[in-house]
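J.: So I've got this file, structure33.txt, and it contains compact mmCIF, C-alpha atoms:
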# COMPACT_ATOMS: atom_id res chain seq x y z
CA MET A 46 -37.93 0.92 -1.71
CA VAL A 47 -34.33 1.27 -0.54
CA LEU A 48 -35.39 4.17 1.66
CA PHE A 49 -38.28 2.08 2.99
CA HIS A 50 -35.73 -0.47 4.26
CA VAL A 51 -34.15 2.30 6.34
CA TRP A 52 -37.44 3.40 7.87
CA VAL A 53 -38.39 -0.01 9.39
CA VAL A 54 -35.16 -0.10 11.46
CA ALA A 55 -34.28 3.58 11.93
CA TYR A 56 -37.79 4.55 12.98
CA ALA A 57 -36.43 6.38 16.03
CA PHE A 58 -34.59 8.91 13.86
CA VAL A 59 -36.80 9.56 10.81
CA PRO A 60 -40.12 11.39 10.30
CA GLY A 61 -43.07 9.02 10.47
CA GLY A 62 -40.79 6.23 11.63
CA PRO A 63 -43.03 4.79 14.37
CA LEU A 64 -45.75 4.13 11.77
CA VAL A 65 -43.59 1.54 9.98
CA ARG A 66 -41.68 0.21 13.02
CA GLU A 67 -40.67 -3.43 12.41
CA HIS A 68 -42.84 -3.71 9.30
CA THR A 69 -40.58 -5.54 6.87
CA ASP A 70 -43.78 -7.32 5.77
CA TRP A 71 -44.99 -3.98 4.42
CA VAL A 72 -41.74 -3.60 2.50
CA MET A 73 -42.13 -7.05 0.93
CA ALA A 74 -45.82 -6.53 0.13
CA THR A 75 -45.13 -3.17 -1.51
CA THR A 76 -42.28 -4.69 -3.52
CA MET A 77 -44.47 -7.52 -4.84
CA ILE A 78 -47.33 -5.14 -5.68
CA MET A 79 -44.99 -2.89 -7.66
CA ILE A 80 -43.54 -5.88 -9.53
CA GLY A 81 -47.08 -7.06 -10.30
CA CYS A 82 -48.03 -3.63 -11.60
CA GLY A 83 -44.98 -3.62 -13.84
CA VAL A 84 -45.83 -7.05 -15.29
CA PHE A 85 -49.48 -6.07 -15.83
CA SER A 86 -48.45 -2.82 -17.54
CA SER A 87 -46.04 -4.68 -19.80
CA LEU A 88 -48.71 -7.15 -20.88
CA GLN A 89 -51.16 -4.35 -21.60
CA ASN A 90 -48.67 -2.41 -23.71
CA SER A 91 -47.47 -5.41 -25.70
CA GLY A 92 -50.90 -6.31 -27.09
CA SER A 93 -52.16 -9.81 -27.92
CA PRO A 94 -49.37 -12.28 -28.70
CA ALA A 95 -51.58 -13.91 -31.34
CA LYS A 96 -51.68 -10.68 -33.39
CA GLN A 97 -47.94 -10.12 -33.30
CA THR A 98 -45.70 -11.17 -36.15
CA GLY A 99 -42.26 -11.53 -34.67
CA PHE A 100 -38.99 -11.59 -36.58
CA GLN A 101 -37.86 -15.13 -37.28
CA PRO A 102 -34.05 -15.43 -37.45
CA PRO A 103 -32.59 -17.70 -40.12
CA PRO A 104 -31.68 -21.22 -38.96
CA ASN A 105 -28.12 -21.60 -37.61
CA PRO A 106 -26.43 -24.80 -38.76
CA ALA A 107 -23.90 -24.56 -35.90
CA GLY A 108 -26.58 -24.08 -33.24
CA ARG A 109 -26.34 -27.60 -31.82
CA ARG A 110 -22.56 -27.37 -31.49
CA GLN A 111 -22.83 -23.99 -29.79
CA ARG A 112 -25.31 -25.40 -27.28
CA SER A 113 -22.87 -28.18 -26.40
CA TYR A 114 -20.16 -25.53 -25.79
CA TYR A 115 -22.52 -23.73 -23.41
CA ILE A 116 -23.03 -26.96 -21.45
CA TYR A 117 -19.25 -27.51 -21.19
CA ILE A 118 -18.73 -23.93 -19.99
CA LEU A 119 -21.52 -24.34 -17.42
CA LEU A 120 -19.97 -27.58 -16.10
CA LEU A 121 -16.57 -25.89 -15.86
CA LEU A 122 -18.06 -23.01 -13.85
CA GLN A 123 -19.79 -25.50 -11.54
CA LEU A 124 -16.49 -27.33 -10.91
CA LEU A 125 -14.73 -24.04 -10.28
CA SER A 126 -17.36 -22.91 -7.75
CA ALA A 127 -17.22 -26.29 -5.97
CA SER A 128 -13.41 -26.07 -5.76
CA ILE A 129 -13.55 -22.56 -4.30
CA ALA A 130 -16.16 -23.68 -1.74
CA TYR A 131 -13.90 -26.61 -0.76
CA LEU A 132 -10.84 -24.38 -0.35
CA ARG A 133 -12.82 -21.93 1.80
CA PHE A 134 -14.22 -24.65 4.06
CA PRO A 135 -13.24 -23.73 7.63
CA SER A 136 -10.58 -25.85 9.33
CA TYR A 137 -12.03 -25.47 12.84
CA ASP A 138 -8.57 -25.85 14.36
CA TYR A 139 -8.64 -22.36 15.87
CA THR A 140 -6.48 -21.75 18.93
CA PRO A 141 -6.21 -18.74 21.29
CA HIS A 142 -3.13 -16.53 21.16
CA HIS A 143 -1.71 -17.39 24.61
CA PRO A 144 -2.95 -20.84 25.66
CA ASP A 145 -0.06 -21.52 28.06
CA ASN A 146 -1.31 -18.78 30.38
CA LYS A 147 -5.01 -19.58 29.90
CA LEU A 148 -5.42 -16.01 28.72
CA ILE A 149 -8.54 -14.52 27.12
CA THR A 150 -8.14 -11.26 25.22
CA ALA A 151 -11.60 -9.79 24.62
CA GLY A 152 -12.64 -6.66 22.77
CA ILE A 153 -15.73 -4.62 21.95
CA TRP A 154 -16.10 -2.47 18.84
CA THR A 155 -18.98 -0.59 17.21
CA ILE A 156 -18.15 -1.02 13.53
CA HIS A 157 -21.03 0.94 11.90
CA PHE A 158 -21.69 -1.64 9.18
CA SER A 159 -18.04 -1.79 8.07
CA ILE A 160 -18.28 1.60 6.37
CA ASP A 161 -15.41 3.98 7.15
CA ASP A 162 -15.47 7.77 7.42
CA ASP A 163 -14.98 8.05 3.64
CA LEU A 164 -17.91 5.68 3.00
CA ARG A 165 -15.64 2.87 1.85
CA ALA A 166 -15.81 -0.76 2.94
CA SER A 167 -13.50 -1.19 5.95
CA GLU A 168 -13.29 -4.97 6.46
CA LYS A 169 -9.62 -5.28 5.53
CA ARG A 170 -8.59 -2.37 7.78
CA MET A 171 -10.62 -3.87 10.60
CA GLU A 172 -8.88 -7.20 10.06
CA PHE A 173 -5.46 -5.55 10.49
CA LEU A 174 -6.37 -3.96 13.83
CA LEU A 175 -8.16 -7.00 15.25
CA LYS A 176 -5.29 -9.29 14.28
CA GLY A 177 -2.68 -6.90 15.67
CA ALA A 178 -4.53 -6.65 19.00
CA GLU A 179 -4.35 -10.48 19.34
CA LEU A 180 -8.04 -10.84 20.20
CA ASP A 181 -9.59 -14.16 21.19
CA LEU A 182 -13.14 -12.84 21.66
CA ILE A 183 -14.61 -9.95 19.67
CA GLY A 184 -18.00 -8.33 20.14
CA LEU A 185 -19.09 -6.44 17.03
CA LEU A 186 -21.96 -3.97 17.24
CA GLU A 187 -24.01 -2.46 14.40
CA SER A 188 -22.84 -5.38 12.30
CA ASP A 189 -25.99 -6.29 10.32
CA GLN A 190 -25.24 -5.54 6.67
CA GLN A 191 -27.59 -8.12 5.15
CA LYS A 192 -30.09 -5.54 4.00
CA ILE A 193 -30.48 -3.70 0.71
CA ILE A 194 -29.23 -0.44 2.22
CA MET A 195 -25.98 -2.12 3.34
CA GLY A 196 -25.35 -3.95 0.07
CA ASN A 197 -26.17 -7.41 1.48
CA ARG A 198 -22.54 -7.74 2.55
CA ASP A 199 -21.16 -10.10 5.21
CA SER A 200 -18.20 -8.67 7.10
CA THR A 201 -18.78 -11.14 9.94
CA GLN A 202 -18.03 -14.10 7.68
CA TYR A 203 -15.04 -12.34 6.13
CA LEU A 204 -13.48 -11.53 9.51
CA ALA A 205 -14.21 -15.01 10.87
CA GLU A 206 -12.46 -16.61 7.89
CA GLU A 207 -9.47 -14.29 7.84
CA LEU A 208 -8.92 -14.23 11.61
CA GLY A 209 -9.60 -17.94 12.12
CA MET A 210 -12.58 -17.69 14.49
CA TRP A 211 -16.02 -19.14 15.07
CA ALA A 212 -18.88 -16.71 14.43
CA ASP A 213 -22.24 -16.05 16.04
CA TYR A 214 -24.31 -13.63 13.95
CA GLY A 215 -26.73 -12.64 16.71
CA PRO A 216 -30.35 -11.64 15.96
CA GLY A 217 -30.96 -11.75 12.20
CA PRO A 218 -32.08 -9.02 9.76
CA ASN A 219 -35.72 -10.03 10.28
CA LYS A 220 -35.46 -8.85 13.92
CA HIS A 221 -35.18 -5.16 12.91
CA THR A 222 -32.04 -4.32 14.88
CA TRP A 223 -28.71 -2.81 13.82
CA GLY A 224 -27.15 -6.16 14.68
CA CYS A 225 -24.52 -7.60 16.99
CA ALA A 226 -22.09 -10.46 16.43
CA LEU A 227 -19.53 -12.51 18.32
CA LEU A 228 -16.25 -13.87 16.97
CA SER A 229 -14.43 -16.43 19.11
CA ARG A 230 -11.24 -18.49 18.98
CA PHE A 231 -12.87 -20.73 21.57
CA PRO A 232 -15.59 -23.22 20.52
CA ILE A 233 -19.08 -21.77 20.98
CA VAL A 234 -20.92 -24.46 22.94
CA ASN A 235 -24.29 -22.73 23.17
CA SER A 236 -25.85 -19.44 22.12
CA THR A 237 -29.17 -17.70 22.64
CA HIS A 238 -30.28 -14.40 21.12
CA HIS A 239 -32.35 -11.79 22.91
CA LEU A 240 -34.33 -8.67 22.03
CA LEU A 241 -34.43 -6.54 25.17
CA PRO A 242 -37.43 -4.39 26.16
CA SER A 243 -37.75 -1.42 23.80
CA PRO A 244 -41.27 0.01 24.10
CA HIS A 245 -40.36 3.32 22.47
CA GLY A 246 -36.92 3.40 20.82
CA GLU A 247 -34.94 1.12 18.55
CA LEU A 248 -34.67 -2.57 19.41
CA ALA A 249 -31.74 -3.67 21.58
CA PRO A 250 -30.09 -6.95 20.48
CA ALA A 251 -28.04 -9.22 22.73
CA ILE A 252 -26.11 -12.48 22.46
CA HIS A 253 -25.65 -14.85 25.39
CA ALA A 254 -23.04 -17.39 24.32
CA THR A 255 -21.14 -20.05 26.26
CA VAL A 256 -17.61 -20.81 25.06
CA ASP A 257 -15.24 -23.60 26.04
CA ALA A 258 -12.17 -21.68 27.25
CA TYR A 259 -9.39 -24.08 28.23
CA GLY A 260 -11.89 -26.69 29.40
CA GLU A 261 -13.96 -24.25 31.47
CA MET A 262 -17.35 -22.92 30.39
CA VAL A 263 -17.32 -19.10 30.15
CA ASP A 264 -20.40 -17.03 29.32
CA VAL A 265 -19.99 -14.12 26.92
CA PHE A 266 -22.61 -11.40 26.50
CA VAL A 267 -22.63 -8.98 23.56
CA PHE A 268 -25.16 -6.17 23.90
CA HIS A 269 -26.20 -2.87 22.32
CA SER A 270 -28.54 -0.78 24.48
CA GLY A 271 -31.06 1.83 23.39
CA GLN A 272 -30.27 5.45 22.66
CA GLU A 273 -29.91 8.43 25.00
CA GLU A 274 -33.30 9.77 23.87
CA ASP A 275 -35.13 6.77 25.42
CA PRO A 276 -34.30 6.61 29.16
CA GLU A 277 -37.16 4.23 30.02
CA ASP A 278 -36.00 1.76 27.36
CA ARG A 279 -32.49 1.85 28.76
CA ARG A 280 -33.72 1.34 32.32
CA LEU A 281 -35.76 -1.71 31.34
CA GLN A 282 -32.88 -3.09 29.30
CA SER A 283 -30.44 -2.68 32.19
CA GLU A 284 -32.76 -4.67 34.47
CA TYR A 285 -33.30 -7.42 31.88
CA LEU A 286 -29.61 -7.85 31.13
CA SER A 287 -28.57 -7.68 34.79
CA ASP A 288 -31.00 -10.47 35.61
CA LEU A 289 -29.70 -12.47 32.64
CA MET A 290 -26.07 -12.07 33.72
CA GLY A 291 -26.95 -12.77 37.34
CA SER A 292 -28.70 -16.01 36.37
CA THR A 293 -25.47 -17.77 35.39
CA PRO A 294 -22.97 -19.04 37.99
CA ARG A 295 -20.25 -19.38 35.36
CA PRO A 296 -17.41 -16.91 34.75
CA SER A 297 -18.73 -14.21 32.44
CA ILE A 298 -17.67 -11.32 30.21
CA LEU A 299 -19.91 -8.50 28.97
CA LEU A 300 -18.87 -6.72 25.76
CA SER A 301 -21.32 -3.89 25.49
CA TYR A 302 -22.62 -0.48 24.43
CA LEU A 303 -24.41 0.83 27.53
CA VAL A 304 -25.01 4.59 27.01
CA THR A 305 -24.38 5.66 30.59
CA LYS A 306 -21.80 7.54 32.63
CA PRO A 307 -19.49 5.51 34.88
CA GLN A 308 -20.87 4.95 38.39
CA GLN A 309 -24.09 6.82 37.58
CA GLY A 310 -27.63 5.83 36.63
CA ASN A 311 -28.03 2.47 34.91
CA TYR A 312 -24.33 1.74 35.40
CA ASN A 313 -25.16 0.81 38.98
CA THR A 314 -27.64 -1.79 37.72
CA TYR A 315 -25.18 -3.40 35.34
CA VAL A 316 -22.39 -3.35 37.96
CA SER A 317 -24.20 -4.65 41.03
CA GLU A 318 -24.87 -7.65 43.25
CA ARG A 319 -27.90 -8.29 41.06
CA SER A 320 -25.71 -9.03 38.04
CA GLY A 321 -22.58 -10.09 39.92
CA MET A 322 -20.51 -8.18 37.36
CA LYS A 323 -17.48 -5.94 37.94
CA ASP A 324 -16.17 -3.09 35.81
CA ILE A 325 -12.83 -3.69 34.11
CA ASP A 326 -11.65 -0.27 35.38
CA ARG A 327 -13.88 1.78 37.67
CA SER A 328 -11.43 4.68 37.56
CA ASP A 329 -11.91 5.16 33.79
CA TRP A 330 -14.38 8.05 33.92
CA ASP A 331 -14.14 8.96 30.21
CA ARG A 332 -16.70 6.45 28.92
CA TRP A 333 -20.26 6.70 27.67
CA CYS A 334 -20.94 3.91 25.18
CA GLU A 335 -18.54 0.98 25.30
CA TYR A 336 -17.93 -0.99 28.51
CA ILE A 337 -16.32 -4.31 29.43
CA LEU A 338 -17.61 -6.06 32.56
CA TYR A 339 -16.65 -9.44 34.02
CA LYS A 340 -17.01 -11.91 36.89
CA GLY A 341 -15.31 -15.15 37.97
CA LEU A 342 -12.08 -14.33 36.11
CA ARG A 343 -8.81 -12.60 36.93
CA LYS A 344 -8.47 -9.30 35.09
CA THR A 345 -4.89 -8.57 34.10
CA ALA A 346 -4.97 -5.67 31.61
CA TYR A 347 -7.12 -3.07 29.85
CA ALA A 348 -6.46 -0.80 26.87
CA ARG A 349 -8.26 1.61 24.55
CA LEU A 350 -7.20 1.69 20.90
CA SER A 351 -7.95 4.60 18.59
CA ARG A 352 -10.06 3.95 15.53
CA SER A 353 -8.21 5.90 12.82
CA THR A 354 -10.95 6.60 10.21
CA ILE A 355 -12.50 3.11 10.24
CA THR A 356 -15.51 4.18 12.30
CA ASP A 357 -16.37 6.78 14.93
CA THR A 358 -15.83 4.46 17.91
CA GLU A 359 -12.66 3.13 19.52
CA LEU A 360 -11.75 -0.50 20.18
CA GLN A 361 -11.69 -1.42 23.87
CA VAL A 362 -9.71 -4.50 24.89
CA ALA A 363 -9.28 -6.42 28.14
CA LYS A 364 -7.26 -9.46 29.21
CA PHE A 365 -8.42 -12.14 31.64
CA GLN A 366 -6.98 -15.36 33.03
CA VAL A 367 -9.24 -18.40 33.36
CA GLY A 368 -9.20 -20.44 36.56
CA GLN A 369 -7.48 -17.73 38.61
CA PRO A 370 -9.00 -15.72 41.49
CA ASP A 371 -9.32 -12.01 40.86
CA GLY A 372 -6.46 -9.86 42.17
CA THR A 373 -6.47 -6.63 44.13
CA GLY A 374 -7.09 -4.52 41.03
CA GLU A 375 -4.25 -2.14 41.85
CA PHE A 376 -2.31 -0.69 38.92
CA ILE A 377 1.15 -2.12 38.29
CA LEU A 378 3.90 -1.28 35.81
CA GLU A 379 4.28 -3.19 32.59
CA ASP A 380 7.71 -4.53 33.53
CA GLN A 381 6.03 -6.30 36.47
CA VAL A 382 3.84 -8.27 34.05
CA PRO A 383 4.99 -11.48 32.31
CA GLU A 384 5.62 -10.83 28.62
CA ASP A 385 2.87 -13.21 27.45
CA LEU A 386 0.31 -11.22 29.44
CA ARG A 387 1.22 -7.86 27.92
CA PHE A 388 -0.44 -5.98 25.10
CA PRO A 389 1.45 -5.71 21.77
CA GLN A 390 4.08 -2.98 21.52
CA LEU A 391 2.82 -2.27 17.99
CA PHE A 392 0.38 0.40 19.11
CA ARG A 393 2.61 2.36 21.49
CA GLY A 394 3.61 5.94 20.75
CA GLU A 395 2.26 7.03 17.38
CA GLY A 396 1.12 3.48 16.70
CA VAL A 397 0.54 2.28 13.16
CA ARG A 398 -2.07 3.10 10.49
CA GLY A 399 -3.69 5.60 12.83
CA HIS A 400 -4.18 3.05 15.63
CA ARG A 401 -2.51 3.68 18.99
CA TYR A 402 -3.14 3.36 22.69
CA HIS A 403 -5.02 6.54 23.59
CA VAL A 404 -6.88 8.10 26.55
CA PHE A 405 -4.24 6.65 28.94
CA ASN A 406 -1.64 6.58 26.12
CA GLU A 407 -0.65 3.07 27.24
CA PRO A 408 -2.28 -0.13 28.49
CA ARG A 409 -3.23 -0.48 32.13
CA TYR A 410 -2.15 -3.58 34.07
CA PHE A 411 -3.65 -4.92 37.30
CA ALA A 412 -2.21 -6.84 40.23
Represent the structure of the file as structure tokens.
T.:
Amino acid sequence: MVLFHVWVVAYAFVPGGPLVREHTDWVMATTMIMIGCGVFSSLQNSGSPAKQTGFQPPPNPAGRRQRSYYIYILLLLQLLSASIAYLRFPSYDYTPHHPDNKLITAGIWTIHFSIDDDLRASEKRMEFLLKGAELDLIGLLESDQQKIIMGNRDSTQYLAEELGMWADYGPGPNKHTWGCALLSRFPIVNSTHHLLPSPHGELAPAIHATVDAYGEMVDVFVFHSGQEEDPEDRRLQSEYLSDLMGSTPRPSILLSYLVTKPQQGNYNTYVSERSGMKDIDRSDWDRWCEYILYKGLRKTAYARLSRSTITDTELQVAKFQVGQPDGTGEFILEDQVPEDLRFPQLFRGEGVRGHRYHVFNEPRYFA
């Protein structure tokens, strides 16, 4: 049954997968039938209850007192659980890292279900990197762990609590995707979830959220496209998402997994007049999966952070200023940038815990 849970989502990669595509109902029906068979078999093997002569234990004079102790213990556990729930209740007083400059630091990361390269849970290591990068918006991809095969865990809630952020879980486990989520230090005013066209390959989830960033409404899109093996799926998804992004006049940020080469193929649909979106750095040719796009904001910086052994995908981060016209986009030196608009020095050189600025070996800043 655990393997069956893999088949209904990973149908694009397993033998016979298309036959059970999106059929969680089959999983549930099979589970109930097997439970029923087990109950029926147990009743048949146990014989008639009327013919059984069970062992009768001697009466316990202290039984009533013991039962009262059980009630006291149960009440104590209930009070303890209520106290823990109260202490964990979110404060909702979250603030961005650099409010004086109306700065948004946004990142995209494919976390592969919070399982690291050694198959250990990676939530705490993720927390360290995300906190050190001073992120205000985080798009998490392949984040759905609320299935049997992922241990019914909830890294999204853990990260939201520890980082002090609102959370949007994206399409749920019943939508048969690998999941996407959004964490935000800005209040999430509205959110809609989308399943993009996927006639052949795995389903492509997307979040379209509107956040209140310094009094201005900013749209944030989190999206995971289909795989390389399904070009028609990816073409249809690029058209759907471009129309969705082009439909909003508000400033927007796309935190995404696009599966395309820069300035080729579907890239030119995502970055087009149709969508109104711009690439954070058109000169960064060494990309295939993760991209950050934007419109209606001033881009100030862009960096790529190595993953260590947390997952197999880097963390990409960009900085934007709200309410400012976009600049020329020319590269400038870090000492020309106000200190509050710079990336942390923590990840320069060799970095820390295996995380460092890589590819360019330093952040890039824009005029």
J.: Between CA of Glu67 (chain A) and CA of Ser188 (chain A), what is the distance in Å, rounded to a tenth?
T.: 17.9 Å
J.: Check the smallest atom-to-atom distance from each of A:Glu395, A:Glu261, A:Glu207, A:Glu172 to Gln366 (chain A) using only C-alpha atoms, then report the winner.
T.: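 Selected residue with least distance to Gln366 (chain A): A:Glu261.
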J.: Do you have, as a tab-separated table, the list of residues of region 259-292 of chain A lying at most 8 Å from region 306-314 of chain A, each with its nearest atom pair and that distance in Å to one decimal, counting all atoms listed in the file and ordered by chain then number?
T.:
residue	atom	partner	partner_atom	distance
A:Arg279	CA	A:Asn311	CA	7.6
A:Arg280	CA	A:Asn311	CA	6.4
A:Ser283	CA	A:Thr314	CA	6.3
A:Glu284	CA	A:Thr314	CA	6.7
A:Ser287	CA	A:Thr314	CA	6.6
J.: Using all atoms listed in the file, determine which residues lie at most 12 Å from Ile233 (chain A), disregarding the query and same-chain residues fewer than 2 positions distant; provide the list as a ChimeraX atom specification.
T.: /A:137,139,182,210-214,227-231,235-237,252-258,261-265
J.: Could you tell me which of A:Met322, A:Ala166, A:Leu281, A:Cys334 comes closest to Gln361 (chain A) if we count all atoms listed in the file?
T.: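 Of all the options, A:Cys334 lies closest to Gln361 (chain A).
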J.: Would you work out the distance separating CA of Leu122 (chain A) from CA of Thr201 (chain A), expressed in Å to one decimal?
T.: 26.6 Å
J.: So that I can see what lies close to region 47-51 of chain A, please list as a list in words the residues with an atom at most 7 Å from it, counting only C-alpha atoms and leaving out residues fewer than 3 positions away in the same chain.
T.: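 Listing them by chain and then by number gives Val54, Ala55, Val72, Ile193 and Ile194 of chain A.
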J.: Identify the residues within 12 Å of coordinate (0.9, 4.0, 15.9) (same frame as the file), considering all atoms listed in the file, and give the answer as a PyMOL selection string.
T.: chain A and resi 174+177+350-353+389-403+406-407
J.: Could you tell me which of A:Gly271, A:Pro232, A:Gly184, A:Gly152 comes closest to Ile325 (chain A) if we count only C-alpha atoms?
T.: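 Closest to Ile325 (chain A) of all the choices is A:Gly152.
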J.: Might you pull out every residue within 9 Å of Tyr336 (chain A), with all atoms listed in the file counted and same-chain residues fewer than 5 positions away left off, and present them as a list in words?
T.: Ile153, Leu299, Leu300, Ser301, Tyr302, Leu303, Asp324, Ile325 and Gln361 of chain A
J.: Quick one, how far is CA of Phe388 (chain A) from CA of Thr305 (chain A)?
T.: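 For CA of Phe388 (chain A) relative to CA of Thr305 (chain A), the distance reads 27.2 Å.
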J.: Counting all atoms listed in the file, select every polymer residue within 8 Å of (-21.6, -3.9, 13.5) as defined in the file's coordinates, and provide the selection as a VMD selection string.
T.: chain A and resid 154 to 159 185 to 190 223 to 226
J.: Could you check the closest approach to Ile80 (chain A) for each of A:Leu175, A:Leu378, A:Ala107, A:Met46 and tell me which residue wins, using all atoms listed in the file?
T.: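 The closest residue to Ile80 (chain A) is A:Met46.
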J.: So, with only C-alpha atoms as the atoms that count, which of A:Ser328, A:Ser200, A:Thr222, A:Thr150 lies closest to Lys176 (chain A)?
T.: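 Looking only at the distances to Lys176 (chain A), the closest residue turns out to be A:Thr150.
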J.: Neighbouring residues of His238 (chain A) were defined as those with any atom within 6 Å, considering all atoms listed in the file; residues of the same chain fewer than 5 positions away were excluded. Please report them as a list in words.
T.: Gly215, Pro216, Ala251 and Ile252 of chain A
J.: My list of candidates is A:Val404, A:Glu359, A:Ser167, A:Gly374. Which is closest to Trp330 (chain A) when distances are computed with only C-alpha atoms?
T.: A:Val404
